[in-house]
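**Student:** Structure in structure tokens, see below.
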Amino acid sequence: MNAKIPSKNYRWIVSGIYENNVSYYLDVRNHWILDKEQAHQFTDKRQALEAFETVERPFDDFYPNVLQIEEGEAF
């Protein structure tokens, strides 16, 4: 079996897509922004999940996700 073992160099971001496929990203101040380059890259998945659960959503029908990326990966 080729089970993938998670690397310790993973990061997590919180993002969501709204109307017309516009992507929003959570920054270090817990504000929703459009610039993915400025998205907060959490080093701890638990912190990303906490931000995901507690941050105010900009729209009623906006559902963010926690995405896993590799360190230095362009997402």
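Residue names in the structure tokens use chain letters A, B, ... in the order shown, residue numbers from 1 in each chain, and ligand numbers from 1 in the order shown.
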Give me, as number ranges by chain, all polymer residues having an atom no more than 7 Å from Ile69 of chain A, counting only C-alpha atoms and skipping those fewer than 6 positions away in the same chain.
**Tutor:** A: 10-12
**Student:** Taking the chain letters and numbering used in this document, name the residues of chain A that DSSP puts in strand (DSSP E or B), as a list in words.
**Tutor:**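 In chain A, DSSP puts these residues in strand (DSSP E or B): Tyr10, Arg11, Trp12, Ile13, Val14, Ser15, Gly16, Ile17, Tyr18, Val22, Ser23, Tyr24, Tyr25, Leu26, Trp32, Ile33, Phe42, Asn65, Val66, Leu67, Gln68, Ile69 and Glu70 of chain A.
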**Student:** Name the residues of segment 1-53 of chain A that fall into alpha helix (DSSP H) according to DSSP on the backbone, using the chain letters and numbers of this document, as number ranges by chain.
**Tutor:** A: 45-53
**Student:** Limited to C-alpha atoms, could you put the picked residues into a file as a PDB file, in the first residue's frame?
**Tutor:**
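Saved file part.pdb follows:
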ATOM      1  CA  LYS A  45      -4.790  22.717  11.577  1.00  0.00           C
ATOM      2  CA  ARG A  46      -6.544  23.206  14.913  1.00  0.00           C
ATOM      3  CA  GLN A  47      -5.983  26.980  14.677  1.00  0.00           C
ATOM      4  CA  ALA A  48      -7.380  27.034  11.142  1.00  0.00           C
ATOM      5  CA  LEU A  49     -10.455  25.103  12.250  1.00  0.00           C
ATOM      6  CA  GLU A  50     -10.969  27.453  15.195  1.00  0.00           C
ATOM      7  CA  ALA A  51     -10.803  30.486  12.891  1.00  0.00           C
ATOM      8  CA  PHE A  52     -13.140  28.713  10.470  1.00  0.00           C
ATOM      9  CA  GLU A  53     -15.699  28.152  13.236  1.00  0.00           C
TER      10      GLU A  53
END
**Student:** So how far away is atom CA of Glu19 of chain A from atom CA of Thr43 of chain A, in Å?
**Tutor:**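 Separation between atom CA of Thr43 of chain A and atom CA of Glu19 of chain A: 29.1 Å.
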**Student:** Please indicate the distance in Å from atom CA of Val28 of chain A to atom CA of Asn9 of chain A, rounded to one decimal place.
**Tutor:**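 Computed distance, atom CA of Val28 of chain A to atom CA of Asn9 of chain A, equals 19.0 Å.
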**Student:** Taking 3 positions as the minimum chain separation for residues in the same chain, which residues sit within 7 Å of Leu26 of chain A when counting only C-alpha atoms? Answer as a VMD selection string.
**Tutor:** chain A and resid 14 to 15 30 to 33 39 to 40
**Student:** Write a file of the just-selected residues containing C-alpha atoms, as a short mmCIF file (atom, residue, chain, number, x, y, z; two decimals), in the first residue's frame.
**Tutor:**
data_model
loop_
_atom_site.label_atom_id
_atom_site.label_comp_id
_atom_site.auth_asym_id
_atom_site.auth_seq_id
_atom_site.Cartn_x
_atom_site.Cartn_y
_atom_site.Cartn_z
CA VAL A 14 -9.45 29.25 5.25
CA SER A 15 -11.23 30.18 2.04
CA ASN A 30 -9.50 37.43 10.44
CA HIS A 31 -10.83 39.64 7.64
CA TRP A 32 -12.07 38.23 4.35
CA ILE A 33 -9.91 39.39 1.43
CA ALA A 39 -4.13 34.69 3.04
CA HIS A 40 -3.13 33.59 6.51
#
**Student:** Near Tyr18 of chain A, within 10 Å and counting only C-alpha atoms, which residues show up once chain neighbours fewer than 6 positions away are dropped, as a list of chain:residue names?
**Tutor:** A:Tyr24, A:Pro58, A:Phe59, A:Asp61, A:Phe62, A:Tyr63, A:Pro64
**Student:** Quick check, in Å to one decimal: how far apart do atom CA of Gln41 of chain A and atom CA of Ile13 of chain A lie?
**Tutor:**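 Between atom CA of Gln41 of chain A and atom CA of Ile13 of chain A the gap works out to 5.2 Å.
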